[in-house]
Amino acid sequence: FRYNDCSQVRSIARLVGGAEQTGLGDVGSSGAGLVGRRKASEAVIGDETGMLRVVWWGQTYVARQLRDGMKVALSGRVTAFRGQKQMENPEWEPLEGESLHTRRLVPVYPGTEGLPQRLVRRLARDAVHAFADRLEETLSDDVRGRLGVLPLAPAMCQIHFPDSLQQAEGARRRFALEELLYIELGVVRRRQLWQTAGAAPELALPESVRDGFVRSLPFALTAAQRRATDEVLRDIGRSVPMNRLLEGDVGSGKTVVAAAALLTAVVSGYQGTIMAPTEVLAEQHYRTFCTLLSDGEEGLWREVFSPGYLDRPLRVTLLRGSLRASEKGAAQDRIARGETDIAIGTQALIQGEVSFQRLGLVVVDEQHRFGVEQRAALRQKGASPHVLVMTATPIPRTLALTVYGDLDVTVLDEMPPGRPPVKTHRLRPDQRQQAYDFLRKQVGAGRQAYGICPLVEESEAVAARAAVQEHERLCAEVFPDLRVGLLHGRMTPGEKDAVMRAFRDGGLDVLVSTAVVEVGIDVPNATVMLVEGADRFGLAQLHQFRGRVRRSSEQAYCLLLSENPSEEAQERLHIMETTHDGFKLAEEDLRLRGPGEYFGTRQSGLPDLKVARLTDVALIEQARAEAVRILEADPELQRPEHRALAARVRELWGRITAEAS
């Protein structure tokens, strides 16, 4: 809600140029006609201190409403015309009437073509006067008392026509808390339902197995990985189903934490599964697990492992949609008979014909890429398995309390040692050739590079065409002697996988891609990320791109090219150049662009907030605490004082179709 402060009234002599002000006076003369070559109403308004010329361009009807001697109030910006003070297109109204358009905090409503603010304001005033007292109060006296908010009727009056800025903020706070309370009641309720849906298996990892696993790793765990592993193992050791989000930058080591949890399920007599959004990522997880479980041996493409810290072989199955029918059937049989300990795959894992004998733990990678129904289907493969969801998208605290509010959150805030931060540079359009020369030099030294095409909002098809054109240009004009691959969202899964495998295996020098590479594969040899049209991407997405080249001990570079960035975009790119903390970048992204753009076109599980803001951390925490308090006392919201609240919560959550909830 926005207001023009027209409450400070000045004499005409004290009106100053360049500022919005309110003046009072008598109409000395008025008329309509051509002023220069434009139709307008014109008037002279005076008081005992001076005269003011007033023009309403294109509004000849105003002259018919003015009478000589009429006392009026005018609110607008003061300018000068031939040395004389004037106002152009001010708000005005007779002094003897109600203060609606001047002499107060005047509400500014979202514009609609053909619907003037004056009319909207009058309609809003009539509606508030007629119906504010008839609205059903959703917050009980107790809830309002604890939250310290206004009752509904006065809040409705004050948010539309506030008596002061303090009253306006008080009304905004009431409606913001109410909105957030609906969200939090749904989130907390969903969390409670998940935790009481059935007893989960109590999984335990013997100390000797944990020590053996850690000793067998080809690297030392970071303190963050040890802490995250402790949190996850503590959760899955209880009969309450775990529902935890593990977040950390690309390369922070989330897979090792997941591996420890899956190992715990196996030694406890249960099966585990990890589901990735693409075949190539599922294959990457499979390769990583082969390395982690091979105990120093050559482990790629084996299905049975015998690490020294286990007293029996461990069986891993990779289930992909592209397998031949006979291979897929055999893999499904092994999973159903319990012969597979850990199943790794894509959405093929949640298809009806896949069943598990004893599913104890579900790991979902890049979880915002899967819908609620898909994750629920996977949970149903086991009676009440523990669930660990992983993402490399940093989640700001406010989103952790709302969109992700039904999950506990573990943060990997430390990178493995020996990986230097990516050097990030903003480049002007005239520095493009320098960027190409640098990229060529890196390829000449045996490295690989990504080239990201500008974000095209219109459609995936338009983005794909742009990527094809950029690929053709680079191949023909810039890098005719290099092996340049192409990746975009309109390619089939098989085509994407083939390109990503070729890049991973060194068959390509440069990969030209749209934003689909944001959730991509590990290519430690790729050390350059060149982003065209960098001003069109958000900070969170740019940080994801940058993370793609921080996969080894080699120094990596992120080059940000933009044609004509706005001031806000320049601020974003400066933050990107100087900040490497993904969580700080996520908070800045949310602040600068808002939740809709932060999540892009994906459904975020976040309702359209009318009053509340996702930067209101204190209000979100207050709403969260109140939701917990209400549901502890009335889990089904059945008490009479909660019925109106329950109806609004049902209405809201009925509308939400979430991908990230």
# chains A, B, ... in the order shown; residues from 1 in each chain; ligands from 1
>>> residues_around(residues="region 643-649 of chain A", least_positions_apart="3", cutoff="7 Å", atoms="only C-alpha atoms", output="compact mmCIF listing (two decimals) with C-alpha atoms, in the first residue's frame")
# COMPACT_ATOMS: atom_id res chain seq x y z
CA THR A 138 -10.78 -14.06 11.49
CA LEU A 139 -8.50 -13.44 14.48
CA TYR A 182 -2.52 -18.49 7.16
CA GLY A 186 -0.69 -24.63 6.77
CA LEU A 637 -8.92 -25.59 14.30
CA GLN A 638 -12.38 -26.74 15.41
CA ARG A 639 -12.99 -24.30 18.25
CA PRO A 640 -15.67 -21.67 17.49
CA LEU A 652 -5.41 -20.45 0.80
CA TRP A 653 -3.89 -23.93 0.81
>>> residues_around(residues="region 79-83 of chain A", least_positions_apart="6", cutoff="12 Å", atoms="only C-alpha atoms", output="PyMOL selection string")
chain A and resi 15-21+51-55+89-90
>>> atom_distance(atom1="CA of Glu472 (chain A)", atom2="CA of Cys453 (chain A)")
12.4 Å
>>> select_by_dssp(residues="region 136-244 of chain A", states="helix (DSSP H, G or I)", output="ChimeraX atom specification")
/A:141-147,152-160,165-195,207-216,223-236
>>> closest_residue(among="A:His580, A:Arg320, A:Lys71, A:Arg358", to="Gly272 (chain A)", atoms="only C-alpha atoms")
A:Arg358
>>> residues_around(residues="Asn564 (chain A)", least_positions_apart="4", cutoff="12 Å", atoms="only C-alpha atoms", output="JSON, numbers by chain")
{"A": [427, 428, 429, 430, 532, 533, 534, 535, 536, 568, 569, 570]}
>>> residues_around(residues="Val149 (chain A)", least_positions_apart="3", cutoff="7 Å", atoms="only C-alpha atoms", output="PyMOL selection string")
chain A and resi 144-145+174
>>> write_last_selection(atoms="N, CA and C atoms", output="compact mmCIF listing (two decimals), in the first residue's frame")
# COMPACT_ATOMS: atom_id res chain seq x y z
N ARG A 144 -5.43 -11.75 18.63
CA ARG A 144 -5.12 -10.33 18.41
C ARG A 144 -4.34 -9.75 19.59
N GLY A 145 -4.72 -10.17 20.78
CA GLY A 145 -4.02 -9.67 21.97
C GLY A 145 -2.57 -10.10 22.00
N ARG A 174 -1.26 -5.60 10.83
CA ARG A 174 -2.34 -6.54 11.12
C ARG A 174 -2.58 -7.47 9.92
>>> select_by_dssp(residues="region 273-455 of chain A", states="strand (DSSP E or B)", output="VMD selection string")
chain A and resid 273 to 275 304 to 305 314 to 319 342 to 345 359 to 365 386 to 391 408 to 412 423 to 427 448 to 452
>>> write_last_selection(atoms="C-alpha atoms", output="short mmCIF file (atom, residue, chain, number, x, y, z; two decimals), in the first residue's frame")
data_model
loop_
_atom_site.label_atom_id
_atom_site.label_comp_id
_atom_site.auth_asym_id
_atom_site.auth_seq_id
_atom_site.Cartn_x
_atom_site.Cartn_y
_atom_site.Cartn_z
CA THR A 273 16.98 -44.43 -2.62
CA ILE A 274 18.28 -41.23 -4.17
CA MET A 275 16.29 -39.52 -6.92
CA VAL A 304 28.26 -54.92 -5.72
CA PHE A 305 30.72 -53.40 -3.27
CA LEU A 314 26.44 -53.71 -0.54
CA ARG A 315 24.36 -53.63 -3.74
CA VAL A 316 23.65 -50.46 -5.73
CA THR A 317 21.25 -50.27 -8.70
CA LEU A 318 21.03 -47.42 -11.20
CA LEU A 319 17.48 -47.27 -12.61
CA ILE A 342 20.55 -48.42 -2.61
CA ALA A 343 18.54 -47.50 -5.71
CA ILE A 344 19.64 -44.45 -7.68
CA GLY A 345 17.55 -43.01 -10.46
CA LEU A 359 12.26 -48.54 2.10
CA GLY A 360 13.75 -46.65 5.04
CA LEU A 361 15.24 -43.46 3.55
CA VAL A 362 14.46 -41.29 0.54
CA VAL A 363 16.99 -38.71 -0.70
CA VAL A 364 15.74 -36.20 -3.30
CA ASP A 365 18.34 -34.05 -5.08
CA HIS A 386 12.73 -40.68 6.40
CA VAL A 387 13.17 -37.98 3.74
CA LEU A 388 16.26 -35.88 3.03
CA VAL A 389 15.97 -33.25 0.31
CA MET A 390 19.06 -31.52 -1.07
CA THR A 391 19.46 -28.25 -2.94
CA ASP A 408 14.11 -28.80 9.20
CA VAL A 409 17.08 -27.06 7.57
CA THR A 410 20.74 -28.06 7.64
CA VAL A 411 23.25 -25.73 6.01
CA LEU A 412 26.62 -26.73 4.57
CA LYS A 423 37.33 -14.85 -9.77
CA THR A 424 34.33 -12.90 -11.04
CA HIS A 425 34.57 -9.93 -13.42
CA ARG A 426 31.99 -7.64 -15.00
CA LEU A 427 32.84 -6.83 -18.60
CA GLN A 448 37.05 -26.37 -20.79
CA ALA A 449 34.49 -23.56 -20.68
CA TYR A 450 30.77 -22.83 -20.52
CA GLY A 451 29.03 -20.10 -22.52
CA ILE A 452 25.62 -19.17 -21.10
#
>>> residues_around(residues="region 227-232 of chain A", least_positions_apart="5", cutoff="9 Å", atoms="only C-alpha atoms", output="ChimeraX atom specification")
/A:222,237,242,244,246,254,256-258,260-261,388,410-412
>>> write_last_selection(atoms="N, CA and C atoms", output="PDB file, in the first residue's frame")
ATOM      1  N   THR A 222      34.747 -31.839   5.893  1.00  0.00           N
ATOM      2  CA  THR A 222      34.789 -30.501   6.503  1.00  0.00           C
ATOM      3  C   THR A 222      34.012 -30.535   7.810  1.00  0.00           C
ATOM      4  N   GLY A 237      17.572 -41.654  13.550  1.00  0.00           N
ATOM      5  CA  GLY A 237      17.617 -42.584  14.677  1.00  0.00           C
ATOM      6  C   GLY A 237      16.343 -42.575  15.501  1.00  0.00           C
ATOM      7  N   MET A 242      11.914 -38.224   9.511  1.00  0.00           N
ATOM      8  CA  MET A 242      12.706 -37.031   9.207  1.00  0.00           C
ATOM      9  C   MET A 242      12.159 -36.356   7.954  1.00  0.00           C
ATOM     10  N   ARG A 244      13.990 -33.298   6.255  1.00  0.00           N
ATOM     11  CA  ARG A 244      15.070 -32.314   6.408  1.00  0.00           C
ATOM     12  C   ARG A 244      15.564 -31.834   5.049  1.00  0.00           C
ATOM     13  N   LEU A 246      18.735 -30.258   3.168  1.00  0.00           N
ATOM     14  CA  LEU A 246      20.189 -30.080   3.242  1.00  0.00           C
ATOM     15  C   LEU A 246      20.579 -29.132   2.117  1.00  0.00           C
ATOM     16  N   LYS A 254      27.350 -32.243  -0.337  1.00  0.00           N
ATOM     17  CA  LYS A 254      26.081 -32.767   0.170  1.00  0.00           C
ATOM     18  C   LYS A 254      25.969 -34.278  -0.029  1.00  0.00           C
ATOM     19  N   VAL A 256      28.094 -36.672   0.190  1.00  0.00           N
ATOM     20  CA  VAL A 256      28.742 -37.493   1.225  1.00  0.00           C
ATOM     21  C   VAL A 256      27.832 -37.628   2.440  1.00  0.00           C
ATOM     22  N   VAL A 257      27.144 -36.543   2.793  1.00  0.00           N
ATOM     23  CA  VAL A 257      26.204 -36.591   3.926  1.00  0.00           C
ATOM     24  C   VAL A 257      25.073 -37.561   3.594  1.00  0.00           C
ATOM     25  N   ALA A 258      24.560 -37.472   2.347  1.00  0.00           N
ATOM     26  CA  ALA A 258      23.501 -38.391   1.924  1.00  0.00           C
ATOM     27  C   ALA A 258      23.995 -39.835   1.944  1.00  0.00           C
ATOM     28  N   ALA A 260      26.273 -41.194   3.898  1.00  0.00           N
ATOM     29  CA  ALA A 260      26.330 -41.672   5.285  1.00  0.00           C
ATOM     30  C   ALA A 260      24.944 -42.078   5.774  1.00  0.00           C
ATOM     31  N   ALA A 261      23.927 -41.285   5.394  1.00  0.00           N
ATOM     32  CA  ALA A 261      22.557 -41.596   5.805  1.00  0.00           C
ATOM     33  C   ALA A 261      22.067 -42.879   5.129  1.00  0.00           C
ATOM     34  N   LEU A 388      15.232 -36.919   3.064  1.00  0.00           N
ATOM     35  CA  LEU A 388      16.263 -35.881   3.031  1.00  0.00           C
ATOM     36  C   LEU A 388      16.222 -35.244   1.651  1.00  0.00           C
ATOM     37  N   THR A 410      19.320 -27.917   7.330  1.00  0.00           N
ATOM     38  CA  THR A 410      20.741 -28.059   7.640  1.00  0.00           C
ATOM     39  C   THR A 410      21.524 -27.344   6.548  1.00  0.00           C
ATOM     40  N   VAL A 411      22.489 -26.540   6.955  1.00  0.00           N
ATOM     41  CA  VAL A 411      23.245 -25.728   6.008  1.00  0.00           C
ATOM     42  C   VAL A 411      24.707 -26.184   5.972  1.00  0.00           C
ATOM     43  N   LEU A 412      25.185 -26.484   4.764  1.00  0.00           N
ATOM     44  CA  LEU A 412      26.618 -26.726   4.570  1.00  0.00           C
ATOM     45  C   LEU A 412      27.240 -25.392   4.162  1.00  0.00           C
TER      46      LEU A 412
END
>>> residues_around(residues="Leu585 (chain A)", least_positions_apart="5", cutoff="12 Å", atoms="only C-alpha atoms", output="PyMOL selection string")
chain A and resi 249+393-396+538-544+571-580+590-593+598
>>> write_last_selection(atoms="C-alpha atoms", output="tab-separated table (two decimals), in the first residue's frame")
chain	number	residue	atom	x	y	z
A	249	ASP	CA	26.63	-24.40	-2.57
A	393	THR	CA	19.98	-23.04	-4.20
A	394	PRO	CA	20.67	-20.99	-1.05
A	395	ILE	CA	17.39	-20.53	0.82
A	396	PRO	CA	16.97	-17.16	2.59
A	538	GLY	CA	19.13	-13.09	-10.76
A	539	LEU	CA	21.94	-13.34	-8.24
A	540	ALA	CA	20.94	-16.83	-7.10
A	541	GLN	CA	21.05	-18.14	-10.67
A	542	LEU	CA	24.36	-16.43	-11.46
A	543	HIS	CA	25.80	-17.96	-8.28
A	544	GLN	CA	24.62	-21.39	-9.48
A	571	GLU	CA	23.98	-3.04	-8.47
A	572	ARG	CA	23.24	-6.78	-8.79
A	573	LEU	CA	26.33	-7.42	-10.90
A	574	HIS	CA	28.52	-5.42	-8.50
A	575	ILE	CA	27.22	-7.53	-5.60
A	576	MET	CA	27.96	-10.66	-7.66
A	577	GLU	CA	31.50	-9.48	-8.39
A	578	THR	CA	32.32	-8.75	-4.75
A	579	THR	CA	30.33	-11.39	-2.81
A	580	HIS	CA	30.92	-15.13	-2.78
A	590	LEU	CA	15.08	-11.63	-2.69
A	591	ARG	CA	15.37	-8.00	-1.55
A	592	LEU	CA	16.09	-6.67	-5.04
A	593	ARG	CA	13.73	-8.75	-7.14
A	598	TYR	CA	13.61	-15.11	-7.29
>>> closest_residue(among="A:Leu233, A:Arg189, A:Arg64, A:Val106", to="Asp634 (chain A)", atoms="only C-alpha atoms")
A:Arg189
>>> decode(residues="region 384-498 of chain A", atoms="C-alpha atoms", output="PDB file, in the first residue's frame")
ATOM      1  CA  SER A 384       6.828 -43.976   6.457  1.00  0.00           C
ATOM      2  CA  PRO A 385      10.400 -43.458   5.318  1.00  0.00           C
ATOM      3  CA  HIS A 386      12.726 -40.676   6.402  1.00  0.00           C
ATOM      4  CA  VAL A 387      13.168 -37.976   3.741  1.00  0.00           C
ATOM      5  CA  LEU A 388      16.263 -35.881   3.031  1.00  0.00           C
ATOM      6  CA  VAL A 389      15.973 -33.246   0.315  1.00  0.00           C
ATOM      7  CA  MET A 390      19.065 -31.522  -1.071  1.00  0.00           C
ATOM      8  CA  THR A 391      19.458 -28.248  -2.938  1.00  0.00           C
ATOM      9  CA  ALA A 392      22.319 -26.055  -4.096  1.00  0.00           C
ATOM     10  CA  THR A 393      19.982 -23.042  -4.196  1.00  0.00           C
ATOM     11  CA  PRO A 394      20.666 -20.994  -1.055  1.00  0.00           C
ATOM     12  CA  ILE A 395      17.389 -20.525   0.822  1.00  0.00           C
ATOM     13  CA  PRO A 396      16.972 -17.161   2.585  1.00  0.00           C
ATOM     14  CA  ARG A 397      15.758 -17.424   6.174  1.00  0.00           C
ATOM     15  CA  THR A 398      12.324 -16.025   5.330  1.00  0.00           C
ATOM     16  CA  LEU A 399      11.771 -18.744   2.713  1.00  0.00           C
ATOM     17  CA  ALA A 400      13.037 -21.386   5.131  1.00  0.00           C
ATOM     18  CA  LEU A 401      10.185 -20.304   7.433  1.00  0.00           C
ATOM     19  CA  THR A 402       7.485 -20.157   4.728  1.00  0.00           C
ATOM     20  CA  VAL A 403       7.945 -22.053   1.463  1.00  0.00           C
ATOM     21  CA  TYR A 404      10.207 -24.627   3.144  1.00  0.00           C
ATOM     22  CA  GLY A 405       8.614 -24.271   6.562  1.00  0.00           C
ATOM     23  CA  ASP A 406       7.645 -27.939   6.920  1.00  0.00           C
ATOM     24  CA  LEU A 407      11.303 -28.988   6.688  1.00  0.00           C
ATOM     25  CA  ASP A 408      14.109 -28.795   9.196  1.00  0.00           C
ATOM     26  CA  VAL A 409      17.080 -27.062   7.570  1.00  0.00           C
ATOM     27  CA  THR A 410      20.741 -28.059   7.640  1.00  0.00           C
ATOM     28  CA  VAL A 411      23.245 -25.728   6.008  1.00  0.00           C
ATOM     29  CA  LEU A 412      26.618 -26.726   4.570  1.00  0.00           C
ATOM     30  CA  ASP A 413      28.324 -23.358   4.889  1.00  0.00           C
ATOM     31  CA  GLU A 414      31.883 -24.483   4.214  1.00  0.00           C
ATOM     32  CA  MET A 415      33.632 -25.554   1.016  1.00  0.00           C
ATOM     33  CA  PRO A 416      36.239 -28.345   0.916  1.00  0.00           C
ATOM     34  CA  PRO A 417      39.761 -26.940   1.307  1.00  0.00           C
ATOM     35  CA  GLY A 418      41.899 -26.265  -1.739  1.00  0.00           C
ATOM     36  CA  ARG A 419      39.138 -24.831  -3.927  1.00  0.00           C
ATOM     37  CA  PRO A 420      39.893 -21.145  -4.490  1.00  0.00           C
ATOM     38  CA  PRO A 421      36.925 -18.786  -4.898  1.00  0.00           C
ATOM     39  CA  VAL A 422      35.920 -18.151  -8.508  1.00  0.00           C
ATOM     40  CA  LYS A 423      37.333 -14.853  -9.772  1.00  0.00           C
ATOM     41  CA  THR A 424      34.335 -12.899 -11.036  1.00  0.00           C
ATOM     42  CA  HIS A 425      34.572  -9.931 -13.417  1.00  0.00           C
ATOM     43  CA  ARG A 426      31.990  -7.637 -14.996  1.00  0.00           C
ATOM     44  CA  LEU A 427      32.838  -6.828 -18.597  1.00  0.00           C
ATOM     45  CA  ARG A 428      31.611  -4.096 -20.930  1.00  0.00           C
ATOM     46  CA  PRO A 429      30.318  -4.994 -24.424  1.00  0.00           C
ATOM     47  CA  ASP A 430      33.548  -3.650 -25.941  1.00  0.00           C
ATOM     48  CA  GLN A 431      35.501  -6.197 -23.845  1.00  0.00           C
ATOM     49  CA  ARG A 432      33.774  -9.211 -25.445  1.00  0.00           C
ATOM     50  CA  GLN A 433      36.782 -10.021 -27.636  1.00  0.00           C
ATOM     51  CA  GLN A 434      39.027  -9.989 -24.557  1.00  0.00           C
ATOM     52  CA  ALA A 435      36.665 -12.506 -22.951  1.00  0.00           C
ATOM     53  CA  TYR A 436      36.861 -14.735 -26.033  1.00  0.00           C
ATOM     54  CA  ASP A 437      40.673 -14.462 -26.066  1.00  0.00           C
ATOM     55  CA  PHE A 438      40.840 -15.426 -22.389  1.00  0.00           C
ATOM     56  CA  LEU A 439      38.512 -18.387 -22.949  1.00  0.00           C
ATOM     57  CA  ARG A 440      40.631 -19.553 -25.889  1.00  0.00           C
ATOM     58  CA  LYS A 441      43.786 -19.279 -23.751  1.00  0.00           C
ATOM     59  CA  GLN A 442      42.216 -21.465 -21.032  1.00  0.00           C
ATOM     60  CA  VAL A 443      41.161 -24.074 -23.605  1.00  0.00           C
ATOM     61  CA  GLY A 444      44.695 -23.964 -25.018  1.00  0.00           C
ATOM     62  CA  ALA A 445      45.956 -24.829 -21.538  1.00  0.00           C
ATOM     63  CA  GLY A 446      43.777 -27.948 -21.562  1.00  0.00           C
ATOM     64  CA  ARG A 447      40.720 -26.536 -19.765  1.00  0.00           C
ATOM     65  CA  GLN A 448      37.051 -26.374 -20.791  1.00  0.00           C
ATOM     66  CA  ALA A 449      34.494 -23.561 -20.684  1.00  0.00           C
ATOM     67  CA  TYR A 450      30.775 -22.835 -20.519  1.00  0.00           C
ATOM     68  CA  GLY A 451      29.030 -20.102 -22.518  1.00  0.00           C
ATOM     69  CA  ILE A 452      25.620 -19.166 -21.098  1.00  0.00           C
ATOM     70  CA  CYS A 453      23.101 -17.540 -23.459  1.00  0.00           C
ATOM     71  CA  PRO A 454      20.994 -14.594 -22.292  1.00  0.00           C
ATOM     72  CA  LEU A 455      17.795 -15.407 -20.422  1.00  0.00           C
ATOM     73  CA  VAL A 456      14.828 -15.171 -22.808  1.00  0.00           C
ATOM     74  CA  GLU A 457      11.549 -14.689 -20.965  1.00  0.00           C
ATOM     75  CA  GLU A 458       9.100 -15.289 -23.821  1.00  0.00           C
ATOM     76  CA  SER A 459       9.300 -19.071 -24.002  1.00  0.00           C
ATOM     77  CA  GLU A 460      11.610 -22.052 -23.950  1.00  0.00           C
ATOM     78  CA  ALA A 461      11.283 -22.231 -27.751  1.00  0.00           C
ATOM     79  CA  VAL A 462      12.546 -18.660 -28.175  1.00  0.00           C
ATOM     80  CA  ALA A 463      15.400 -19.368 -25.756  1.00  0.00           C
ATOM     81  CA  ALA A 464      16.304 -22.493 -27.726  1.00  0.00           C
ATOM     82  CA  ARG A 465      16.387 -20.550 -31.027  1.00  0.00           C
ATOM     83  CA  ALA A 466      18.632 -17.909 -29.451  1.00  0.00           C
ATOM     84  CA  ALA A 467      20.971 -20.636 -28.176  1.00  0.00           C
ATOM     85  CA  VAL A 468      21.117 -22.287 -31.608  1.00  0.00           C
ATOM     86  CA  GLN A 469      21.975 -18.936 -33.227  1.00  0.00           C
ATOM     87  CA  GLU A 470      24.669 -18.192 -30.639  1.00  0.00           C
ATOM     88  CA  HIS A 471      26.146 -21.663 -31.117  1.00  0.00           C
ATOM     89  CA  GLU A 472      26.253 -21.182 -34.892  1.00  0.00           C
ATOM     90  CA  ARG A 473      27.888 -17.749 -34.510  1.00  0.00           C
ATOM     91  CA  LEU A 474      30.568 -19.013 -32.110  1.00  0.00           C
ATOM     92  CA  CYS A 475      31.328 -22.027 -34.319  1.00  0.00           C
ATOM     93  CA  ALA A 476      31.555 -19.973 -37.523  1.00  0.00           C
ATOM     94  CA  GLU A 477      33.044 -16.663 -36.390  1.00  0.00           C
ATOM     95  CA  VAL A 478      34.706 -16.948 -32.983  1.00  0.00           C
ATOM     96  CA  PHE A 479      35.907 -20.516 -32.292  1.00  0.00           C
ATOM     97  CA  PRO A 480      35.920 -22.319 -35.684  1.00  0.00           C
ATOM     98  CA  ASP A 481      38.885 -24.421 -34.538  1.00  0.00           C
ATOM     99  CA  LEU A 482      37.359 -25.518 -31.194  1.00  0.00           C
ATOM    100  CA  ARG A 483      34.844 -28.251 -30.408  1.00  0.00           C
ATOM    101  CA  VAL A 484      31.709 -26.313 -29.377  1.00  0.00           C
ATOM    102  CA  GLY A 485      28.632 -28.175 -28.075  1.00  0.00           C
ATOM    103  CA  LEU A 486      25.050 -26.960 -27.605  1.00  0.00           C
ATOM    104  CA  LEU A 487      22.559 -27.588 -24.792  1.00  0.00           C
ATOM    105  CA  HIS A 488      19.046 -26.152 -24.474  1.00  0.00           C
ATOM    106  CA  GLY A 489      15.672 -26.996 -22.959  1.00  0.00           C
ATOM    107  CA  ARG A 490      13.989 -28.096 -26.198  1.00  0.00           C
ATOM    108  CA  MET A 491      16.358 -31.028 -26.690  1.00  0.00           C
ATOM    109  CA  THR A 492      15.151 -34.518 -25.755  1.00  0.00           C
ATOM    110  CA  PRO A 493      16.486 -36.022 -22.505  1.00  0.00           C
ATOM    111  CA  GLY A 494      18.624 -38.379 -24.577  1.00  0.00           C
ATOM    112  CA  GLU A 495      20.113 -35.513 -26.600  1.00  0.00           C
ATOM    113  CA  LYS A 496      20.870 -33.523 -23.430  1.00  0.00           C
ATOM    114  CA  ASP A 497      22.501 -36.519 -21.793  1.00  0.00           C
ATOM    115  CA  ALA A 498      24.674 -37.177 -24.858  1.00  0.00           C
TER     116      ALA A 498
END
